[in-house]
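Novice: The file below is query-v6.pdb, PDB, C-alpha atoms and all ligand atoms:
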```pdb
ATOM      1  CA  MET A   1     -71.659-114.802 105.059
ATOM      2  CA  GLN A   2     -69.740-118.063 105.249
ATOM      3  CA  TYR A   3     -68.781-119.454 101.829
ATOM      4  CA  SER A   4     -66.877-122.689 101.180
ATOM      5  CA  GLN A   5     -63.436-122.474  99.572
ATOM      6  CA  LYS A   6     -64.901-124.026  96.406
ATOM      7  CA  VAL A   7     -67.538-121.300  96.107
ATOM      8  CA  LEU A   8     -64.848-118.663  96.487
ATOM      9  CA  ASP A   9     -62.602-120.387  93.903
ATOM     10  CA  HIS A  10     -65.391-120.629  91.336
ATOM     11  CA  PHE A  11     -66.476-117.059  92.000
ATOM     12  CA  MET A  12     -62.980-115.630  91.593
ATOM     13  CA  HIS A  13     -61.944-117.891  88.704
ATOM     14  CA  PRO A  14     -65.181-118.984  87.046
ATOM     15  CA  HIS A  15     -65.037-121.685  84.368
ATOM     16  CA  ASN A  16     -66.841-121.557  81.001
ATOM     17  CA  VAL A  17     -67.591-117.826  81.103
ATOM     18  CA  GLY A  18     -68.483-115.898  77.986
ATOM     19  CA  LYS A  19     -70.811-115.606  75.081
ATOM     20  CA  MET A  20     -70.890-118.427  72.529
ATOM     21  CA  GLU A  21     -71.150-117.659  68.827
ATOM     22  CA  ASN A  22     -73.758-119.773  67.017
ATOM     23  CA  PRO A  23     -74.910-121.907  69.949
ATOM     24  CA  ASP A  24     -77.211-124.880  69.318
ATOM     25  CA  ALA A  25     -79.328-123.881  72.295
ATOM     26  CA  VAL A  26     -79.577-120.949  74.665
ATOM     27  CA  ALA A  27     -81.656-120.039  77.688
ATOM     28  CA  THR A  28     -81.856-117.044  79.979
ATOM     29  CA  GLU A  29     -83.577-117.298  83.324
ATOM     30  CA  GLY A  30     -84.052-114.842  86.136
ATOM     31  CA  SER A  31     -84.530-115.472  89.792
ATOM     32  CA  PRO A  32     -87.750-113.961  91.097
ATOM     33  CA  ALA A  33     -86.160-113.982  94.550
ATOM     34  CA  CYS A  34     -83.516-111.384  93.730
ATOM     35  CA  GLY A  35     -83.775-110.337  90.073
ATOM     36  CA  ASP A  36     -80.413-111.892  89.135
ATOM     37  CA  GLN A  37     -80.041-113.603  85.751
ATOM     38  CA  VAL A  38     -78.038-116.322  84.016
ATOM     39  CA  THR A  39     -77.696-117.189  80.330
ATOM     40  CA  VAL A  40     -76.468-120.646  79.289
ATOM     41  CA  PHE A  41     -75.257-121.498  75.760
ATOM     42  CA  LEU A  42     -74.837-125.087  74.532
ATOM     43  CA  LYS A  43     -72.965-126.666  71.644
ATOM     44  CA  ILE A  44     -74.414-130.119  71.089
ATOM     45  CA  ASN A  45     -73.232-132.914  68.802
ATOM     46  CA  GLU A  46     -76.167-133.597  66.551
ATOM     47  CA  ASN A  47     -75.485-137.340  66.268
ATOM     48  CA  SER A  48     -74.271-138.341  69.710
ATOM     49  CA  HIS A  49     -76.247-135.661  71.585
ATOM     50  CA  VAL A  50     -73.206-134.957  73.708
ATOM     51  CA  ILE A  51     -72.725-131.442  75.102
ATOM     52  CA  GLU A  52     -69.425-130.525  73.482
ATOM     53  CA  ASP A  53     -69.220-127.022  74.859
ATOM     54  CA  VAL A  54     -71.116-124.911  77.339
ATOM     55  CA  ARG A  55     -70.745-121.263  78.295
ATOM     56  CA  PHE A  56     -72.539-118.882  80.572
ATOM     57  CA  LEU A  57     -73.064-115.207  81.230
ATOM     58  CA  SER A  58     -74.075-114.089  84.678
ATOM     59  CA  TYR A  59     -75.831-110.935  85.743
ATOM     60  CA  GLY A  60     -75.847-111.649  89.416
ATOM     61  CA  CYS A  61     -74.297-112.292  92.760
ATOM     62  CA  ALA A  62     -71.158-114.236  93.720
ATOM     63  CA  SER A  63     -73.085-117.487  94.235
ATOM     64  CA  ASN A  64     -74.817-116.986  90.918
ATOM     65  CA  ILE A  65     -71.398-116.925  89.216
ATOM     66  CA  ALA A  66     -70.017-119.826  91.271
ATOM     67  CA  THR A  67     -73.058-122.060  90.732
ATOM     68  CA  ALA A  68     -73.208-121.312  86.992
ATOM     69  CA  SER A  69     -69.497-122.157  86.805
ATOM     70  CA  ILE A  70     -69.956-125.526  88.517
ATOM     71  CA  VAL A  71     -73.163-126.417  86.664
ATOM     72  CA  THR A  72     -71.499-125.799  83.312
ATOM     73  CA  ASP A  73     -68.504-127.898  84.455
ATOM     74  CA  LEU A  74     -70.862-130.727  85.384
ATOM     75  CA  ALA A  75     -72.657-130.545  82.021
ATOM     76  CA  LYS A  76     -69.615-130.443  79.756
ATOM     77  CA  GLY A  77     -68.988-133.728  77.938
ATOM     78  CA  LYS A  78     -72.237-135.264  79.165
ATOM     79  CA  SER A  79     -74.964-136.641  76.954
ATOM     80  CA  LEU A  80     -78.268-134.783  77.059
ATOM     81  CA  GLU A  81     -79.799-137.648  79.027
ATOM     82  CA  GLU A  82     -77.036-137.448  81.635
ATOM     83  CA  ALA A  83     -77.105-133.657  81.785
ATOM     84  CA  LYS A  84     -80.867-133.684  82.345
ATOM     85  CA  LYS A  85     -80.221-135.290  85.721
ATOM     86  CA  ILE A  86     -78.019-132.412  86.966
ATOM     87  CA  SER A  87     -79.917-130.698  89.760
ATOM     88  CA  TRP A  88     -79.308-127.752  92.054
ATOM     89  CA  ARG A  89     -78.521-130.274  94.774
ATOM     90  CA  ASP A  90     -75.649-131.628  92.643
ATOM     91  CA  ALA A  91     -74.356-128.083  92.194
ATOM     92  CA  MET A  92     -74.566-127.415  95.933
ATOM     93  CA  GLU A  93     -72.794-130.655  96.725
ATOM     94  CA  ALA A  94     -70.036-129.988  94.212
ATOM     95  CA  LEU A  95     -69.482-126.593  95.860
ATOM     96  CA  ASP A  96     -69.434-128.059  99.397
ATOM     97  CA  GLY A  97     -72.679-126.267 100.206
ATOM     98  CA  LEU A  98     -74.089-122.737 100.162
ATOM     99  CA  PRO A  99     -75.548-120.539 102.917
ATOM    100  CA  PRO A 100     -79.359-121.126 103.140
ATOM    101  CA  VAL A 101     -80.256-117.680 101.741
ATOM    102  CA  LYS A 102     -78.062-118.414  98.706
ATOM    103  CA  VAL A 103     -79.474-121.821  97.792
ATOM    104  CA  HIS A 104     -81.818-120.213  95.266
ATOM    105  CA  CYS A 105     -78.720-119.188  93.253
ATOM    106  CA  SER A 106     -77.945-122.862  92.575
ATOM    107  CA  VAL A 107     -81.577-123.430  91.602
ATOM    108  CA  LEU A 108     -81.277-120.630  89.049
ATOM    109  CA  ALA A 109     -78.081-122.070  87.507
ATOM    110  CA  ALA A 110     -79.379-125.648  87.268
ATOM    111  CA  ASP A 111     -82.728-124.454  86.002
ATOM    112  CA  THR A 112     -81.199-122.385  83.207
ATOM    113  CA  LEU A 113     -79.143-125.378  82.039
ATOM    114  CA  GLN A 114     -82.308-127.512  82.022
ATOM    115  CA  THR A 115     -84.231-124.892  80.060
ATOM    116  CA  ALA A 116     -81.443-124.710  77.443
ATOM    117  CA  ILE A 117     -81.538-128.520  77.080
ATOM    118  CA  SER A 118     -85.308-128.479  76.842
ATOM    119  CA  ASN A 119     -85.181-125.711  74.188
ATOM    120  CA  TYR A 120     -82.792-127.862  72.147
ATOM    121  CA  GLU A 121     -85.000-130.935  72.456
ATOM    122  CA  ILE A 122     -88.125-129.038  71.476
ATOM    123  CA  SER A 123     -86.478-127.315  68.495
ATOM    124  CA  HIS A 124     -85.023-130.644  67.270
ATOM    125  CA  GLY A 125     -88.260-132.593  67.653
ATOM    126  CA  LEU A 126     -86.823-134.713  70.462
ATOM    127  CA  LYS A 127     -89.710-133.882  72.738
ATOM    128  CA  GLU A 128     -93.117-132.281  72.580
ATOM    129  CA  VAL A 129     -93.952-129.061  74.359
ATOM    130  CA  PRO A 130     -95.416-130.402  77.600
ATOM    131  CA  ASN A 131     -99.000-129.530  78.473
ATOM    132  CA  PHE A 132     -99.459-127.283  81.455
ATOM    133  CA  SER A 133    -100.827-129.298  84.379
ATOM    134  CA  LYS A 134    -100.672-129.735  88.133
ATOM    135  CA  ALA A 135     -97.356-131.534  87.573
ATOM    136  CA  THR A 136     -95.959-128.348  85.969
ATOM    137  CA  ILE A 137     -97.008-126.372  89.030
ATOM    138  CA  GLU A 138     -95.362-128.887  91.328
ATOM    139  CA  GLU A 139     -92.131-128.763  89.300
ATOM    140  CA  GLU A 140     -92.111-124.958  89.613
ATOM    141  CA  LEU A 141     -92.740-125.099  93.351
ATOM    142  CA  LYS A 142     -89.749-127.421  93.726
ATOM    143  CA  LYS A 143     -87.620-124.486  92.576
ATOM    144  CA  ILE A 144     -88.798-122.229  95.380
ATOM    145  CA  ILE A 145     -86.452-122.254  98.324
ATOM    146  CA  TYR A 146     -87.499-121.410 101.861
ATOM    147  CA  PRO A 147     -84.588-119.051 102.644
ATOM    148  CA  LYS A 148     -84.500-119.805 106.334
ATOM    149  CA  VAL A 149     -83.309-123.383 105.841
ATOM    150  CA  GLY A 150     -82.267-123.507 102.169
ATOM    151  CA  GLU A 151     -84.652-126.289 101.129
ATOM    152  CA  ASP A 152     -87.486-126.212  98.622
ATOM    153  CA  ILE A 153     -91.055-125.796  99.813
ATOM    154  CA  ILE A 154     -92.194-129.153  98.387
ATOM    155  CA  SER A 155     -89.501-131.139 100.229
ATOM    156  CA  LEU A 156     -90.360-129.198 103.373
ATOM    157  CA  LYS A 157     -94.035-130.199 102.944
ATOM    158  CA  MET A 158     -95.112-126.564 103.088
ATOM    159  CA  VAL A 159     -97.495-127.094 100.171
ATOM    160  CA  LYS A 160    -100.679-128.782 101.382
ATOM    161  CA  TYR A 161    -102.721-128.612  98.192
ATOM    162  CA  ILE A 162    -102.313-127.766  94.498
ATOM    163  CA  GLY A 163    -105.319-127.291  92.235
ATOM    164  CA  PHE A 164    -105.659-126.177  88.619
ATOM    165  CA  THR A 165    -109.013-125.614  86.915
ATOM    166  CA  ASP A 166    -109.984-123.283  84.075
ATOM    167  CA  GLY A 167    -106.812-121.239  84.317
ATOM    168  CA  GLU A 168    -107.073-120.828  88.071
ATOM    169  CA  VAL A 169    -104.229-122.088  90.244
ATOM    170  CA  LEU A 170    -105.073-122.799  93.854
ATOM    171  CA  ILE A 171    -102.300-123.410  96.372
ATOM    172  CA  ASP A 172    -102.646-124.055 100.103
ATOM    173  CA  LEU A 173     -99.475-123.185 101.932
ATOM    174  CA  ASN A 174     -98.673-124.390 105.378
ATOM    175  CA  MET A 175     -97.062-121.139 106.564
ATOM    176  CA  MET A 176     -98.110-119.195 109.615
ATOM    177  CA  SER A 177     -98.808-115.450 109.579
ATOM    178  CA  PHE A 178     -95.801-114.779 111.843
ATOM    179  CA  ASP A 179     -93.423-116.437 109.376
ATOM    180  CA  GLN A 180     -91.206-113.603 108.087
ATOM    181  CA  TYR A 181     -90.724-115.362 104.730
ATOM    182  CA  ARG A 182     -94.397-115.951 103.998
ATOM    183  CA  ASP A 183     -94.870-112.957 101.696
ATOM    184  CA  ASN A 184     -91.584-113.650  99.867
ATOM    185  CA  VAL A 185     -92.548-117.246  99.196
ATOM    186  CA  ALA A 186     -96.028-116.253  97.984
ATOM    187  CA  GLU A 187     -94.523-113.592  95.714
ATOM    188  CA  GLU A 188     -92.055-116.073  94.275
ATOM    189  CA  ILE A 189     -94.810-118.578  93.578
ATOM    190  CA  ARG A 190     -96.679-115.913  91.636
ATOM    191  CA  GLU A 191     -93.623-114.928  89.621
ATOM    192  CA  HIS A 192     -92.832-118.556  88.762
ATOM    193  CA  LEU A 193     -96.354-119.315  87.569
ATOM    194  CA  GLU A 194     -97.386-116.031  85.921
ATOM    195  CA  LYS A 195     -95.087-116.711  82.949
ATOM    196  CA  TYR A 196     -97.355-119.539  81.755
ATOM    197  CA  PRO A 197    -100.044-118.297  79.368
ATOM    198  CA  GLU A 198    -102.377-121.033  80.691
ATOM    199  CA  VAL A 199    -102.402-119.370  84.124
ATOM    200  CA  LYS A 200    -105.067-116.678  84.446
ATOM    201  CA  GLU A 201    -105.340-116.415  88.203
ATOM    202  CA  ILE A 202    -103.322-117.548  91.212
ATOM    203  CA  LYS A 203    -104.869-117.974  94.647
ATOM    204  CA  ILE A 204    -102.634-118.739  97.589
ATOM    205  CA  ASN A 205    -104.255-119.677 100.893
ATOM    206  CA  PHE A 206    -102.719-119.887 104.348
ATOM    207  CA  PRO A 207    -103.975-121.589 107.520
TER
HETATM  208 FE1  LIG B   1     -80.071-114.297  93.611
HETATM  209 FE2  LIG B   1     -77.692-115.100  93.974
HETATM  210  S1  LIG B   1     -78.919-115.502  92.265
HETATM  211  S2  LIG B   1     -78.780-113.686  95.234
END
```
Go through the file and emit its structure as structure tokens.
Ligand code: FES

Specialist:
Amino acid sequence: MQYSQKVLDHFMHPHNVGKMENPDAVATEGSPACGDQVTVFLKINENSHVIEDVRFLSYGCASNIATASIVTDLAKGKSLEEAKKISWRDAMEALDGLPPVKVHCSVLAADTLQTAISNYEISHGLKEVPNFSKATIEEELKKIIYPKVGEDIISLKMVKYIGFTDGEVLIDLNMMSFDQYRDNVAEEIREHLEKYPEVKEIKINFP
């Protein structure tokens, strides 16, 4: 697999590694695609809301370590508002790209940072726990990468319809039966949505 020099540097000499004692916020996320995990710890200035320190622990592949290293670099010294804009695309760019099958690793790193920020905001009354809605489903689907090209299924317009009524999620996917990634994508959708207590059933339809 072809990795950029930056990916290799961050993998072999990762920044901000380690457990943080008494963090102000923490989040652990796993990737349904591969089972890898990342934990992000934040130290946040209570008055300025600047991220003064950030650390991570990785239980995953080389790209998992490299993307967590770069995401934590990007977040350090930023205000919460600035850090909320850090996306997996920023991480990819800062690493000079990733192979398509490894793009989900950057999604995992960026996502874990965002969850840690969100946990801080919720626990400090800076935001309400958002209601589960179609928008939540769409946000989750934006984290699912089509491994063949390394783009998310929303950007690729593979999602034709999203419905949510009485706990039932309905998704129409524009993926043909001969597509080798169809089952993987469907499985990932289920794993991303099953964690919400509001979701009782998930139906995924194909053409
Ligand atoms: Fe899954 Fe890298 S995080 S293979």

Novice: Need the neighbours of (-64.4, -122.2, 103.0): which residues are at most 12 Å away, counting only C-alpha atoms, as a PyMOL selection string?

Specialist: chain A and resi 1-10+95-99

Novice: Name the residues captured by the PyMOL selection byres (((not hetatm)) within 10 of (chain B and resi 1)) when it is applied to the shown file; answer as a list in words.

Specialist: Gly30, Ser31, Pro32, Ala33, Cys34, Gly35, Asp36, Gln37, Val38, Ser58, Tyr59, Gly60, Cys61, Ala62, Ser63, Asn64, Ile65, Ala66, Thr67, Ala68, Val101, Lys102, Val103, His104, Cys105, Ser106, Val107, Leu108 and Ala109 of chain A

Novice: Rounded to one decimal, what separation in Å do you get between CA of Pro23 (chain A) and CA of Lys78 (chain A)?

Specialist: 16.4 Å

Novice: For the structure provided, state which residues fall under the PyMOL selection byres (((chain A and resi 117) around 12) and not hetatm), and present them as JSON, numbers by chain.

Specialist: {"A": [23, 24, 25, 26, 27, 28, 40, 41, 42, 43, 44, 49, 50, 51, 54, 75, 78, 79, 80, 81, 82, 83, 84, 85, 86, 110, 111, 112, 113, 114, 115, 116, 118, 119, 120, 121, 122, 123, 124, 126, 127]}

Novice: Could you list, with a cut-off of 12 Å and counting all atoms listed in the file, the residues of region 93-170 of chain A near region 183-188 of chain A, each shown with its nearest atom pair and the distance in Å rounded to one decimal, rows sorted by chain and ascending number, as a tab-separated table?

Specialist:
```
residue	atom	partner	partner_atom	distance
A:His104	CA	A:Glu188	CA	11.1
A:Glu140	CA	A:Glu188	CA	10.0
A:Leu141	CA	A:Glu188	CA	9.1
A:Lys142	CA	A:Glu188	CA	11.6
A:Lys143	CA	A:Glu188	CA	9.7
A:Ile144	CA	A:Glu188	CA	7.1
A:Ile145	CA	A:Val185	CA	7.9
A:Tyr146	CA	A:Val185	CA	7.1
A:Pro147	CA	A:Val185	CA	8.9
A:Lys148	CA	A:Val185	CA	11.1
A:Asp152	CA	A:Val185	CA	10.3
A:Ile153	CA	A:Val185	CA	8.7
A:Ile154	CA	A:Val185	CA	11.9
A:Met158	CA	A:Val185	CA	10.4
A:Val159	CA	A:Val185	CA	11.1
A:Leu170	CA	A:Ala186	CA	11.9
```

Novice: For the provided coordinates, the residues matched by the PyMOL selection byres (((chain A and resi 172) around 9) and not hetatm) should be stated as a PyMOL selection string.

Specialist: chain A and resi 158-163+170-171+173-174+203-207

Novice: Taking only C-alpha atoms into account, name the residue in A:Met20, A:Lys76, A:Thr39, A:Val199 that is nearest to Glu52 (chain A).

Specialist: A:Lys76

Novice: Please compute the CA of Val17 (chain A)-CA of Ser69 (chain A) distance, one decimal, in Å.

Specialist: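 Separation between CA of Val17 (chain A) and CA of Ser69 (chain A): 7.4 Å.
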
Novice: Find the residue from A:Glu198, A:Glu46, A:Asp53, A:Glu168 that sits nearest to Asn131 (chain A); use only C-alpha atoms when measuring.

Specialist: A:Glu198

Novice: Could you tell me how far CA of Val169 (chain A) sits from CA of Lys134 (chain A), in Å to one decimal place?

Specialist: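 Going from CA of Lys134 (chain A) over to CA of Val169 (chain A), I get 8.7 Å.
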
Novice: Select, from A:Ile202, A:Ala91, A:Leu156, A:Ala135, the residue with the minimum atom-to-atom distance to Ile189 (chain A), counting all atoms listed in the file.

Specialist: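 Between A:Ile202, A:Ala91, A:Leu156, A:Ala135, the residue approaching Ile189 (chain A) most closely is A:Ile202.
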
Novice: Can you patch up region 162-178 of chain A, filling it in to N, CA, C and O atoms, and show the result as a short mmCIF file (atom, residue, chain, number, x, y, z; two decimals), in the frame of the given file?

Specialist:
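Once everything was written out, this is part_10.cif:
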```cif
data_model
loop_
_atom_site.label_atom_id
_atom_site.label_comp_id
_atom_site.auth_asym_id
_atom_site.auth_seq_id
_atom_site.Cartn_x
_atom_site.Cartn_y
_atom_site.Cartn_z
N ILE A 162 -102.48 -128.47 95.78
CA ILE A 162 -102.31 -127.77 94.50
C ILE A 162 -103.53 -128.09 93.64
O ILE A 162 -103.87 -129.27 93.47
N GLY A 163 -104.19 -127.07 93.13
CA GLY A 163 -105.32 -127.29 92.24
C GLY A 163 -105.15 -126.46 90.97
O GLY A 163 -104.51 -125.41 90.99
N PHE A 164 -105.69 -126.96 89.86
CA PHE A 164 -105.66 -126.18 88.62
C PHE A 164 -106.92 -126.46 87.80
O PHE A 164 -107.12 -127.57 87.32
N THR A 165 -107.81 -125.47 87.74
CA THR A 165 -109.01 -125.61 86.92
C THR A 165 -109.29 -124.30 86.19
O THR A 165 -109.24 -123.24 86.81
N ASP A 166 -109.59 -124.44 84.90
CA ASP A 166 -109.98 -123.28 84.08
C ASP A 166 -109.05 -122.09 84.26
O ASP A 166 -109.51 -120.95 84.44
N GLY A 167 -107.77 -122.34 84.23
CA GLY A 167 -106.81 -121.24 84.32
C GLY A 167 -106.55 -120.73 85.72
O GLY A 167 -105.75 -119.83 85.93
N GLU A 168 -107.26 -121.31 86.70
CA GLU A 168 -107.07 -120.83 88.07
C GLU A 168 -106.21 -121.80 88.87
O GLU A 168 -106.53 -122.98 88.97
N VAL A 169 -105.11 -121.27 89.41
CA VAL A 169 -104.23 -122.09 90.24
C VAL A 169 -104.60 -121.83 91.70
O VAL A 169 -104.76 -120.69 92.11
N LEU A 170 -104.75 -122.91 92.43
CA LEU A 170 -105.07 -122.80 93.85
C LEU A 170 -103.99 -123.52 94.65
O LEU A 170 -103.71 -124.70 94.39
N ILE A 171 -103.37 -122.80 95.58
CA ILE A 171 -102.30 -123.41 96.37
C ILE A 171 -102.56 -123.16 97.85
O ILE A 171 -102.79 -122.01 98.26
N ASP A 172 -102.55 -124.21 98.64
CA ASP A 172 -102.65 -124.06 100.10
C ASP A 172 -101.26 -124.21 100.69
O ASP A 172 -100.62 -125.25 100.50
N LEU A 173 -100.82 -123.17 101.36
CA LEU A 173 -99.48 -123.18 101.93
C LEU A 173 -99.54 -123.31 103.44
O LEU A 173 -100.31 -122.60 104.10
N ASN A 174 -98.71 -124.19 103.94
CA ASN A 174 -98.67 -124.39 105.38
C ASN A 174 -97.65 -123.44 106.00
O ASN A 174 -96.59 -123.86 106.43
N MET A 175 -97.98 -122.13 105.99
CA MET A 175 -97.06 -121.14 106.56
C MET A 175 -97.86 -120.20 107.45
O MET A 175 -98.87 -119.65 107.01
N MET A 176 -97.38 -120.01 108.64
CA MET A 176 -98.11 -119.20 109.62
C MET A 176 -97.93 -117.70 109.33
O MET A 176 -96.96 -117.30 108.70
N SER A 177 -98.86 -116.90 109.86
CA SER A 177 -98.81 -115.45 109.58
C SER A 177 -97.55 -114.79 110.16
O SER A 177 -97.09 -113.79 109.66
N PHE A 178 -96.99 -115.39 111.23
CA PHE A 178 -95.80 -114.78 111.84
C PHE A 178 -94.52 -115.18 111.12
O PHE A 178 -93.44 -114.74 111.49
#
```
